[in-house]
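Working notes for the structure below.
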Amino acid sequence: MTETLKPMNRAALSGPTYAQPVLGNPAATLMESGVGNCFPGLEFDLRQLDVRFFPGLVFEFPGVTPAGPDGTQGARLVYADMTGDPMFDLDADWVTDLKAQFNGAAGAALGDGQWYLHSVEQYGKKIELYDFVLYQNTVTQTPYEGETAWWIIRLIEADPNPDVADLTVGLTQRAPDGSPVGNPVYLKGKRRVYLDGEGMISEVYHPGEFTASMCSPWTHDFRDCACQYWASNHPDVVLGPVVDPRDELEDGTSKTDPAQAVTFLDWMRRRKLPGADLSAETTIEGARPRRYDPYEINLHWQELDFVLHGKESNETHNAGYRIHAPGSGYADAAAAITALTNDLAPLEYALAVEYLYAYFSLRSPDEVSVDQEKEFPGLANDLRAARQLILSVALSEMTHMRWANQTLWMLDQAGLYPKGKCYEPVIEPAKKIPDGKTGGTRPRALKVANSDTLQTFVDVERPDGTLDTEYGDLVRLFSDPAGGYPDGLYELAVRIDTDGLQHYQKFRDTRNVLLPYSSRPDLFLRSIKLAKDDDKSVQLALDLLDQAVEALRRGYGAEAAGDMTAAQVGITAGREAMHRLNDACEFLAQQGIGVPFFARFGG
Amino acid sequence: MARDVPDHFDTAALIAASRPKDPDLHLSGRMVLAAETAALYALPETEVAALADAMAKGQGGAALERLGLTLAPAAPPVPEITPGPVRALALTVSQSCNLACGYCYASGGSFGGPDTRMDWPVAQKAIDRLIGDTPPGGSVKIAFMGGEPMLARDLIRQSVDHANRRAAARAVSVGFSITTNGTLLRDDDAEFLAQNRFAVTVSLDGAKATNDRLRPLRGGQGSFALVARGLAPLVARADRISLSARVTVTPDNLDLAETVGALADLGFQSVGASPMINAPTGKGTLQGDDFHRLLAAMVECGQDWLTATLAGRAHPFANLATALTELHRGKVRSHGCGAARDYLSVDASGSYSACHRFVNDPLGRMGDLVSGVDDRARADFLTERQVEAQEACSKCWARRLCGGGCHQEVLHVGRPACDYVRGWLHFAISAYDRMMTERPDWFDAIG
């Protein structure tokens, strides 16, 4: 364009315009936005950039061998070549000089034998890539290992003036112990700037270079993953399978082969080799010859076994890890069904709601005044912790209520319900709650979260308390392989059972968190008064609770009948109602109103 | 005042100045338009006369070469245009109307057929298709048209509700618009439109007297009062409703400046004029000399807008603002609009048409909801109608700005308005020059 014609609109100012806007890739996919751990990094190995840090030279950075330093570590020159290096197209005197060096004696020397980076020098500061050790009047030069050399190279800056050659590198050959020998070659130049002004990576890099040093998980390159990520994703050593199910004992070990239980096998062993069931070697090098090579895994992956609870298995149904402890308190499925329907599920509901009431009775962290925070630093955080702990237990009880229902409908689906009866959703509160003393109960009650209340919570969740024992009995019942119980029931019972211990600990923690404020309940408790069942202000909240219960009823019923779509609708509606209930209760609690959650169930 | 538009406005002179002299470039004042690329350049004043002379001798391109600009030659027609998914849909929710405007493209609302209302299943299917064809993260537009769309108020509510939910589930954003005669708007309608961020276009043709004459109710009475009453709640929600007025210009309401003023008084911040070129009944169509009067009226409004804008005041005349924006963007077009390419309309019978004007018109039939959008028909339509393939447009400097005209008008009555279009663009280019010189910041807001 000349000075005469002045471009005015966008069409005149820019280059080609596109009919459709080019959306391009999101910023998160650009390499500079990458996760950036160099080792190995998820998109590329950043260290590979520095392999070509000096124009015309290509390095690698070998580390120290397992046997110890042998002089081959450091920044090793792979080759010297100007071809394809755009830095040599730059118009500067130093480039001309460097070209002359490569075409001359220096280039010839570098083309013969093994060369290493000896030193880097910039602005009068020189770093030699060696550890100097003085021992009995002898100085031993042990080369830095590759990673150290790489760190030093990373620190080299590029002078912004393109005409200034600010970097001098020295290369030498080495004696067997790693010390430099012979005439060094010094090259003067400039370090490469990896991105140009438009953010494009220099063209000198060959396709594949950036990932050459990385393991390749998509070909199951478990062997070369040096950060152990892929290694941590597959088993190392496993117990072998019990081949004949008739030989299998209740604990999953073999009746006829005592060695099976104590012989660990290499999971990556080639299955078709003789000696495939030999005990695993104790070192990786020892095991290596008998393992699948990485390229084979894609061909033979079906020969690898599933591993469940540390034991190889060729089938998903594997009851072997269930510890069957006879002596369940339940005689049969019918007894369990009765207990779940009449006691356990309602108990979960009642507890969930009692815990929620206590949760809402706690002040929220933002209610703490500036003066209070000054006087009791950490109060806000303690409130946050206490609320979170109680809420998490309440949510866990709701989950247990669902699992109790799920256990019931799974038993129904398996045909284990008493004749004439079938599963009905159980979503209502129990009237009596165990009080932690053997067989004793207390009436359900909604109480604020003072230390007495928290103590009752601790009592009800105590291990070996009633609640715990009942679920323990359920675990024992479902662990019986002769019982014909559907898969999954045992696991569900185990989960509920083990959760119990967590609840106990959380309530103890909550009690401890609030202990320092016990003489000042105004600091952590809202002044809540339990509203009467017919109080107008709480009817909306109670309606929402009803909605949630109704939606769950529909959802559980649908899921029991196998209609997952309808179940999802019910559960989602229930969740929505619960969210709104949460907001309503929080709002009311801040007004000092406690919602009588049991109101619609008889108070 | 712009170079080619003297105080006593000489339409004939403008038309003469804007006639095509060179297929590859045009000179308006000191502004050079490269026809094929829609690029605008400013010549030094001293070079203007020389270029004009060169153009008269057919050597405009060579003259520009000497000044350093090589003009792109006219592109040949694209052999096959393959359109992507449709991004905007006009739902003709009602094919009836309570007004009886003589020029109506829908012939009193019904497009020449029986009065029909769209059923919910049809609307739903069309919406679902539109959103389903859009990748997540994309955006779609749904326009409610008619007839008078507010006759199907419930359907609109249902459609908006459904579209919002569907789109949210797919992470697609949806924008809504409606073109209405404004007589049936209630207060709750305004709130609904505001909540859903509608772009509302109200059709009005003039101040009370003019409007009542041209847009009577079915019984013959005027509709202006009704519109004015329904307008207040919309204007009150100007922060959420993008409100504009649309003036259909016929030989009977060419007093545009007065109309624009009257509509501004009603509260409109944007008033756009659309010349009536193809009325199915023939009534109200602009013809022959009408276009000269139209050009004069438009330029007069344009000058008012220019004066106000240069002085930092708002002025509602939308046509010039749009023209300046498009000139600044400089995007070349192959078609005058997005019909059939980005935009389709659906009618009550579930048929797709190239746009809302093609409802019940076989020339624009693009498939139906049952068998799907007819992409073959779309491709054929677009390929046939691209401006590069229009013989009549090949020598016109404005072809890449105009795009060849409204498809429906061209297919039915040809292109009677080319002189007007060129005259208007010529004026717009000189206005662009002035704005870029005196208020370049005005263009900063353009995306």
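Each chain of the structure tokens is named A, B, ... in the order shown, its residues numbered from 1; ligands are numbered from 1 in display order.
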
> Can you list every residue in region 165-283 of chain B that DSSP puts in strand (DSSP E), as a list of chain:residue names?
Replying inline: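 Assigned to strand (DSSP E), within region 165-283 of chain B: B:Ser173, B:Val174, B:Gly175, B:Phe176, B:Ser177, B:Ile178, B:Thr179, B:Thr180, B:Ala199, B:Val200, B:Thr201, B:Val202, B:Ser203, B:Ser242, B:Leu243, B:Ser244, B:Ala245, B:Arg246, B:Val247, B:Thr248, B:Val249, B:Val271, B:Gly272, B:Ala273, B:Ser274, B:Pro275.
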
Filtering to C-alpha atoms, could you give me those residues as a CSV table (one decimal), in the first residue's frame?
chain,number,residue,atom,x,y,z
B,173,SER,CA,-27.9,-20.3,24.0
B,174,VAL,CA,-31.1,-19.1,22.4
B,175,GLY,CA,-32.3,-15.7,21.5
B,176,PHE,CA,-35.9,-14.7,20.7
B,177,SER,CA,-37.5,-12.1,18.6
B,178,ILE,CA,-40.9,-11.2,17.5
B,179,THR,CA,-42.4,-8.9,14.8
B,180,THR,CA,-45.8,-7.7,15.8
B,199,ALA,CA,-36.0,-8.4,20.3
B,200,VAL,CA,-39.3,-6.8,19.6
B,201,THR,CA,-40.1,-5.2,16.2
B,202,VAL,CA,-43.3,-3.3,16.1
B,203,SER,CA,-44.7,-2.5,12.6
B,242,SER,CA,-34.5,-4.6,22.3
B,243,LEU,CA,-37.3,-2.5,20.9
B,244,SER,CA,-37.5,-1.2,17.3
B,245,ALA,CA,-40.1,0.0,14.9
B,246,ARG,CA,-40.4,-1.1,11.4
B,247,VAL,CA,-41.8,1.3,8.8
B,248,THR,CA,-43.0,-0.2,5.6
B,249,VAL,CA,-42.5,2.5,3.0
B,271,VAL,CA,-36.7,3.0,13.6
B,272,GLY,CA,-36.0,1.1,10.4
B,273,ALA,CA,-37.5,1.8,7.0
B,274,SER,CA,-38.2,-1.1,4.6
B,275,PRO,CA,-39.4,-0.2,1.1

List every residue of chain A that has an atom at most 7 Å from any atom of chain B, and for each one report the closest atom pair and its distance in Å to one decimal, counting only C-alpha atoms, with rows sorted by chain and then by increasing residue number, as CSV.
residue,atom,partner,partner_atom,distance
A:Met1,CA,B:Gly68,CA,5.6
A:Thr2,CA,B:Gly68,CA,5.6
A:Thr4,CA,B:Pro44,CA,6.2
A:Leu5,CA,B:Leu43,CA,5.2
A:Lys6,CA,B:Ala42,CA,5.0
A:Pro7,CA,B:Tyr41,CA,4.4
A:Met8,CA,B:Tyr41,CA,5.2
A:Asn9,CA,B:His328,CA,4.7
A:Arg10,CA,B:Arg329,CA,5.4
A:Ala11,CA,B:Ala39,CA,4.6
A:Ala12,CA,B:Ala39,CA,4.4

> region 48-65 of chain A: which residues within 7 Å, counting only C-alpha atoms, same-chain residues fewer than 3 positions away excluded, as an MDAnalysis selection string?
Replying inline: chainID A and resid 45 68:69 73:82 85 87 145:147 190:192 209:210

>> Counting only C-alpha atoms, which residue out of B:Arg400, B:Tyr105, B:Arg313, B:Asp289 sits closest to His412 (chain B)?
In response: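 Of B:Arg400, B:Tyr105, B:Arg313, B:Asp289, the one nearest His412 (chain B) is B:Tyr105, counting only C-alpha atoms.
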
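For the pair CA of Val475 (chain A) and CA of Arg508 (chain A), the interatomic distance is 25.3 Å.
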
>> With only C-alpha atoms as the counted atoms, please give the residues lying no more than 10 Å from region 78-86 of chain B, apart from itself and same-chain residues fewer than 6 positions off, as a ChimeraX atom specification.
In response: /B:129-131,133-135,140-141,334,338-344,373,375-376,378-384,386-389

Next, the residues of the selection above should be written as an mmCIF file, in the first residue's frame with N, CA and C atoms.
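In the end it all went to out_32.cif:
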data_model
loop_
_atom_site.group_PDB
_atom_site.id
_atom_site.type_symbol
_atom_site.label_atom_id
_atom_site.label_comp_id
_atom_site.auth_asym_id
_atom_site.auth_seq_id
_atom_site.Cartn_x
_atom_site.Cartn_y
_atom_site.Cartn_z
ATOM 1 N N ARG B 129 -35.600 -29.794 16.608
ATOM 2 C CA ARG B 129 -34.664 -30.010 15.496
ATOM 3 C C ARG B 129 -33.611 -28.941 15.467
ATOM 4 N N LEU B 130 -34.061 -27.713 15.609
ATOM 5 C CA LEU B 130 -33.134 -26.591 15.538
ATOM 6 C C LEU B 130 -32.062 -26.718 16.608
ATOM 7 N N ILE B 131 -32.487 -26.979 17.828
ATOM 8 C CA ILE B 131 -31.518 -27.056 18.910
ATOM 9 C C ILE B 131 -30.685 -28.314 18.798
ATOM 10 N N ASP B 133 -29.696 -29.794 16.196
ATOM 11 C CA ASP B 133 -28.682 -29.703 15.144
ATOM 12 C C ASP B 133 -27.557 -28.750 15.508
ATOM 13 N N THR B 134 -27.674 -28.084 16.629
ATOM 14 C CA THR B 134 -26.645 -27.104 16.996
ATOM 15 C C THR B 134 -25.684 -27.743 17.978
ATOM 16 N N PRO B 135 -24.395 -27.618 17.743
ATOM 17 C CA PRO B 135 -23.462 -28.216 18.697
ATOM 18 C C PRO B 135 -23.510 -27.480 20.027
ATOM 19 N N VAL B 140 -28.647 -20.207 18.911
ATOM 20 C CA VAL B 140 -29.706 -20.198 17.900
ATOM 21 C C VAL B 140 -30.624 -19.023 18.162
ATOM 22 N N LYS B 141 -31.388 -18.677 17.119
ATOM 23 C CA LYS B 141 -32.360 -17.605 17.272
ATOM 24 C C LYS B 141 -33.716 -18.128 16.818
ATOM 25 N N SER B 334 -22.591 -13.015 -0.670
ATOM 26 C CA SER B 334 -23.018 -13.680 -1.890
ATOM 27 C C SER B 334 -24.531 -13.672 -2.012
ATOM 28 N N GLY B 338 -29.651 -14.127 5.027
ATOM 29 C CA GLY B 338 -29.310 -15.503 5.414
ATOM 30 C C GLY B 338 -30.373 -16.523 5.077
ATOM 31 N N ALA B 339 -31.358 -16.142 4.282
ATOM 32 C CA ALA B 339 -32.435 -17.083 3.973
ATOM 33 C C ALA B 339 -31.873 -18.358 3.372
ATOM 34 N N ALA B 340 -32.401 -19.464 3.809
ATOM 35 C CA ALA B 340 -32.012 -20.801 3.339
ATOM 36 C C ALA B 340 -30.612 -21.193 3.777
ATOM 37 N N ARG B 341 -29.805 -20.208 4.090
ATOM 38 C CA ARG B 341 -28.434 -20.572 4.508
ATOM 39 C C ARG B 341 -28.376 -20.757 6.007
ATOM 40 N N ASP B 342 -28.714 -19.677 6.757
ATOM 41 C CA ASP B 342 -28.682 -19.777 8.215
ATOM 42 C C ASP B 342 -30.069 -19.801 8.803
ATOM 43 N N TYR B 343 -31.059 -19.572 7.979
ATOM 44 C CA TYR B 343 -32.378 -19.190 8.475
ATOM 45 C C TYR B 343 -33.450 -19.903 7.669
ATOM 46 N N LEU B 344 -34.431 -20.438 8.330
ATOM 47 C CA LEU B 344 -35.578 -21.027 7.643
ATOM 48 C C LEU B 344 -36.827 -20.626 8.408
ATOM 49 N N VAL B 373 -35.354 -31.140 6.931
ATOM 50 C CA VAL B 373 -34.954 -30.004 6.110
ATOM 51 C C VAL B 373 -34.390 -30.541 4.803
ATOM 52 N N ASP B 375 -31.936 -30.305 2.442
ATOM 53 C CA ASP B 375 -30.652 -29.646 2.239
ATOM 54 C C ASP B 375 -30.309 -29.531 0.753
ATOM 55 N N ARG B 376 -30.808 -30.455 -0.028
ATOM 56 C CA ARG B 376 -30.590 -30.372 -1.468
ATOM 57 C C ARG B 376 -31.258 -29.102 -2.004
ATOM 58 N N ARG B 378 -31.990 -26.476 -0.357
ATOM 59 C CA ARG B 378 -31.253 -25.319 0.142
ATOM 60 C C ARG B 378 -30.024 -25.064 -0.711
ATOM 61 N N ALA B 379 -29.290 -26.135 -0.963
ATOM 62 C CA ALA B 379 -28.065 -25.982 -1.747
ATOM 63 C C ALA B 379 -28.391 -25.430 -3.130
ATOM 64 N N ASP B 380 -29.421 -25.992 -3.750
ATOM 65 C CA ASP B 380 -29.789 -25.522 -5.088
ATOM 66 C C ASP B 380 -30.194 -24.061 -5.055
ATOM 67 N N PHE B 381 -31.012 -23.725 -4.093
ATOM 68 C CA PHE B 381 -31.494 -22.342 -3.964
ATOM 69 C C PHE B 381 -30.323 -21.385 -3.823
ATOM 70 N N LEU B 382 -29.419 -21.714 -2.890
ATOM 71 C CA LEU B 382 -28.316 -20.798 -2.617
ATOM 72 C C LEU B 382 -27.369 -20.696 -3.810
ATOM 73 N N THR B 383 -27.121 -21.832 -4.456
ATOM 74 C CA THR B 383 -26.214 -21.818 -5.600
ATOM 75 C C THR B 383 -26.794 -20.982 -6.730
ATOM 76 N N GLU B 384 -28.110 -21.162 -6.935
ATOM 77 C CA GLU B 384 -28.766 -20.437 -8.014
ATOM 78 C C GLU B 384 -28.830 -18.949 -7.740
ATOM 79 N N GLN B 386 -26.902 -17.032 -5.767
ATOM 80 C CA GLN B 386 -25.714 -16.277 -5.364
ATOM 81 C C GLN B 386 -25.513 -15.106 -6.328
ATOM 82 N N VAL B 387 -25.029 -14.006 -5.789
ATOM 83 C CA VAL B 387 -24.931 -12.793 -6.609
ATOM 84 C C VAL B 387 -23.907 -12.972 -7.729
ATOM 85 N N GLU B 388 -22.930 -13.857 -7.485
ATOM 86 C CA GLU B 388 -21.927 -14.093 -8.529
ATOM 87 C C GLU B 388 -22.556 -14.703 -9.776
ATOM 88 N N ALA B 389 -23.729 -15.308 -9.602
ATOM 89 C CA ALA B 389 -24.363 -15.957 -10.751
ATOM 90 C C ALA B 389 -25.471 -15.112 -11.366
#

>> Using only C-alpha atoms for the distances, tell me which of A:Glu397, A:Asp563, A:Glu424, A:Asp468 is nearest to Glu354 (chain A).
In response: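 The shortest atom-to-atom distance to Glu354 (chain A) comes from A:Glu397.
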
>> Which residues are near Ala261 (chain A)? Cut-off 9 Å, only C-alpha atoms, ignore same chain within fewer than 5 positions. Put them as a list in words.
In response: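 Near Ala261 (chain A), the qualifying residues are Leu239, Gly240, Gly252, Thr253 and Ser254 of chain A.
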
Output C-alpha atoms for every residue in that selection, as a PDB file, in the first residue's frame.
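Output contents, as saved in result19.pdb:
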ATOM      1  CA  LEU A 239      -2.401 -64.188  44.109  1.00  0.00           C
ATOM      2  CA  GLY A 240      -3.218 -66.708  41.476  1.00  0.00           C
ATOM      3  CA  GLY A 252     -11.262 -67.726  48.483  1.00  0.00           C
ATOM      4  CA  THR A 253      -8.168 -69.823  48.874  1.00  0.00           C
ATOM      5  CA  SER A 254      -7.685 -73.280  47.470  1.00  0.00           C
TER       6      SER A 254
END

> In region 259-305 of chain B, what's alpha helix (DSSP H) per DSSP? Answer as number ranges by chain?
Replying inline: B: 259-266, 290-305

> Quick one: residues within 10 Å of Gly60 (chain B), only C-alpha atoms counted, chain neighbours fewer than 2 positions away excluded, as JSON, numbers by chain?
Replying inline: {"B": [21, 22, 23, 24, 25, 26, 27, 50, 51, 52, 53, 54, 55, 56, 57, 58, 62, 63, 64, 65, 71]}

Give me a file of those residues, with N, CA and C atoms, as an mmCIF file, in the first residue's frame.
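Contents of part.cif, as written:
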data_model
loop_
_atom_site.group_PDB
_atom_site.id
_atom_site.type_symbol
_atom_site.label_atom_id
_atom_site.label_comp_id
_atom_site.auth_asym_id
_atom_site.auth_seq_id
_atom_site.Cartn_x
_atom_site.Cartn_y
_atom_site.Cartn_z
ATOM 1 N N LYS B 21 -20.077 2.753 -13.171
ATOM 2 C CA LYS B 21 -19.201 3.209 -14.244
ATOM 3 C C LYS B 21 -18.100 2.189 -14.505
ATOM 4 N N ASP B 22 -17.834 1.429 -13.490
ATOM 5 C CA ASP B 22 -16.769 0.436 -13.607
ATOM 6 C C ASP B 22 -17.196 -0.750 -12.734
ATOM 7 N N PRO B 23 -17.189 -1.943 -13.307
ATOM 8 C CA PRO B 23 -17.687 -3.069 -12.494
ATOM 9 C C PRO B 23 -16.811 -3.380 -11.287
ATOM 10 N N ASP B 24 -15.570 -2.915 -11.304
ATOM 11 C CA ASP B 24 -14.663 -3.309 -10.223
ATOM 12 C C ASP B 24 -14.485 -2.263 -9.145
ATOM 13 N N LEU B 25 -14.928 -1.041 -9.379
ATOM 14 C CA LEU B 25 -14.734 -0.049 -8.336
ATOM 15 C C LEU B 25 -15.761 1.061 -8.460
ATOM 16 N N HIS B 26 -15.850 1.826 -7.379
ATOM 17 C CA HIS B 26 -16.769 2.954 -7.364
ATOM 18 C C HIS B 26 -16.148 4.086 -6.581
ATOM 19 N N LEU B 27 -16.476 5.281 -7.016
ATOM 20 C CA LEU B 27 -15.929 6.471 -6.372
ATOM 21 C C LEU B 27 -17.081 7.283 -5.794
ATOM 22 N N ALA B 50 -8.636 12.928 -11.093
ATOM 23 C CA ALA B 50 -7.907 12.090 -12.048
ATOM 24 C C ALA B 50 -8.528 10.697 -12.108
ATOM 25 N N LEU B 51 -8.904 10.171 -10.960
ATOM 26 C CA LEU B 51 -9.499 8.824 -10.961
ATOM 27 C C LEU B 51 -10.853 8.834 -11.652
ATOM 28 N N ALA B 52 -11.617 9.871 -11.381
ATOM 29 C CA ALA B 52 -12.939 9.959 -12.025
ATOM 30 C C ALA B 52 -12.775 9.985 -13.544
ATOM 31 N N ASP B 53 -11.792 10.728 -14.006
ATOM 32 C CA ASP B 53 -11.542 10.772 -15.456
ATOM 33 C C ASP B 53 -11.165 9.399 -15.967
ATOM 34 N N ALA B 54 -10.240 8.767 -15.253
ATOM 35 C CA ALA B 54 -9.784 7.441 -15.693
ATOM 36 C C ALA B 54 -10.948 6.469 -15.748
ATOM 37 N N MET B 55 -11.825 6.541 -14.734
ATOM 38 C CA MET B 55 -12.981 5.628 -14.719
ATOM 39 C C MET B 55 -13.867 5.873 -15.922
ATOM 40 N N ALA B 56 -14.017 7.166 -16.281
ATOM 41 C CA ALA B 56 -14.872 7.482 -17.443
ATOM 42 C C ALA B 56 -14.300 6.844 -18.697
ATOM 43 N N LYS B 57 -12.978 6.719 -18.713
ATOM 44 C CA LYS B 57 -12.344 6.123 -19.900
ATOM 45 C C LYS B 57 -12.211 4.614 -19.764
ATOM 46 N N GLY B 58 -12.749 4.082 -18.707
ATOM 47 C CA GLY B 58 -12.657 2.628 -18.523
ATOM 48 C C GLY B 58 -11.317 2.179 -18.005
ATOM 49 N N ALA B 62 -6.506 0.525 -13.825
ATOM 50 C CA ALA B 62 -5.107 0.870 -14.084
ATOM 51 C C ALA B 62 -4.679 2.055 -13.239
ATOM 52 N N ALA B 63 -5.588 3.029 -13.123
ATOM 53 C CA ALA B 63 -5.258 4.217 -12.322
ATOM 54 C C ALA B 63 -4.972 3.828 -10.886
ATOM 55 N N LEU B 64 -5.767 2.903 -10.378
ATOM 56 C CA LEU B 64 -5.550 2.468 -8.995
ATOM 57 C C LEU B 64 -4.252 1.697 -8.859
ATOM 58 N N GLU B 65 -3.918 0.950 -9.898
ATOM 59 C CA GLU B 65 -2.651 0.214 -9.869
ATOM 60 C C GLU B 65 -1.508 1.166 -9.666
ATOM 61 N N LEU B 71 -6.839 -4.307 -7.844
ATOM 62 C CA LEU B 71 -8.201 -4.735 -7.528
ATOM 63 C C LEU B 71 -8.376 -6.215 -7.791
#

>> I'd like the neighbourhood of Glu348 (chain A) as a PyMOL selection string, where a residue qualifies if any of its atoms comes within 10 Å (using only C-alpha atoms), though same-chain residues fewer than 6 positions away should be ignored.
In response: chain A and resi 354+394+396-402+404+427-430+433+467

Pull N, CA and C atoms from the residues just selected and write them as a JSON list (two decimals), in the first residue's frame.
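Done, and the output landed in part_13.json:
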[["chain", "number", "residue", "atom", "x", "y", "z"],
["A", 354, "GLU", "N", -32.87, -35.68, 62.73],
["A", 354, "GLU", "CA", -32.37, -35.15, 64.01],
["A", 354, "GLU", "C", -31.05, -34.42, 63.79],
["A", 394, "ALA", "N", -25.48, -36.41, 58.41],
["A", 394, "ALA", "CA", -26.90, -36.41, 58.04],
["A", 394, "ALA", "C", -27.07, -36.93, 56.62],
["A", 396, "SER", "N", -25.07, -38.85, 55.05],
["A", 396, "SER", "CA", -24.72, -40.25, 55.04],
["A", 396, "SER", "C", -25.91, -41.10, 55.50],
["A", 397, "GLU", "N", -26.65, -40.61, 56.49],
["A", 397, "GLU", "CA", -27.82, -41.37, 56.95],
["A", 397, "GLU", "C", -28.87, -41.43, 55.86],
["A", 398, "MET", "N", -29.01, -40.34, 55.11],
["A", 398, "MET", "CA", -29.97, -40.38, 54.01],
["A", 398, "MET", "C", -29.54, -41.42, 52.99],
["A", 399, "THR", "N", -28.22, -41.48, 52.77],
["A", 399, "THR", "CA", -27.72, -42.49, 51.84],
["A", 399, "THR", "C", -28.03, -43.89, 52.37],
["A", 400, "HIS", "N", -27.87, -44.06, 53.66],
["A", 400, "HIS", "CA", -28.14, -45.38, 54.25],
["A", 400, "HIS", "C", -29.61, -45.73, 54.12],
["A", 401, "MET", "N", -30.46, -44.73, 54.26],
["A", 401, "MET", "CA", -31.89, -45.00, 54.11],
["A", 401, "MET", "C", -32.17, -45.50, 52.71],
["A", 402, "ARG", "N", -31.50, -44.89, 51.75],
["A", 402, "ARG", "CA", -31.68, -45.34, 50.38],
["A", 402, "ARG", "C", -31.14, -46.75, 50.21],
["A", 404, "ALA", "N", -30.82, -49.02, 52.49],
["A", 404, "ALA", "CA", -31.72, -49.97, 53.17],
["A", 404, "ALA", "C", -32.89, -50.29, 52.25],
["A", 427, "ILE", "N", -40.02, -44.67, 53.83],
["A", 427, "ILE", "CA", -39.45, -43.33, 53.99],
["A", 427, "ILE", "C", -40.24, -42.61, 55.07],
["A", 428, "GLU", "N", -40.01, -43.05, 56.29],
["A", 428, "GLU", "CA", -40.67, -42.38, 57.40],
["A", 428, "GLU", "C", -39.80, -42.58, 58.63],
["A", 429, "PRO", "N", -39.95, -41.73, 59.64],
["A", 429, "PRO", "CA", -39.02, -41.80, 60.78],
["A", 429, "PRO", "C", -39.45, -42.84, 61.82],
["A", 430, "ALA", "N", -38.42, -43.43, 62.43],
["A", 430, "ALA", "CA", -38.69, -44.36, 63.55],
["A", 430, "ALA", "C", -39.15, -43.55, 64.75],
["A", 433, "ILE", "N", -35.26, -44.26, 69.18],
["A", 433, "ILE", "CA", -33.86, -44.26, 68.76],
["A", 433, "ILE", "C", -33.04, -44.96, 69.84],
["A", 467, "LEU", "N", -27.14, -49.96, 66.70],
["A", 467, "LEU", "CA", -27.16, -49.68, 65.26],
["A", 467, "LEU", "C", -26.06, -50.48, 64.57]]

>> What does the structure give for the distance between CA of Arg422 (chain B) and CA of Ile15 (chain B), in Å to one decimal?
In response: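 Separation between CA of Arg422 (chain B) and CA of Ile15 (chain B): 7.4 Å.
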
> Which of these, B:Ala106, B:Ala88, B:Leu363, B:Met145, has the shortest distance to Val410 (chain B) once you count only C-alpha atoms?
Replying inline: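 Looking only at the distances to Val410 (chain B), the closest residue turns out to be B:Leu363.
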
> Between A:Ala339, A:Met578, A:Val120, A:Leu351, which one has atoms that come closest to Leu552 (chain A), using only C-alpha atoms?
Replying inline: A:Met578

>> Report, in Å to a single decimal, how far apart CA of Asp487 (chain A) and CA of Asp343 (chain A) are.
In response: 23.4 Å
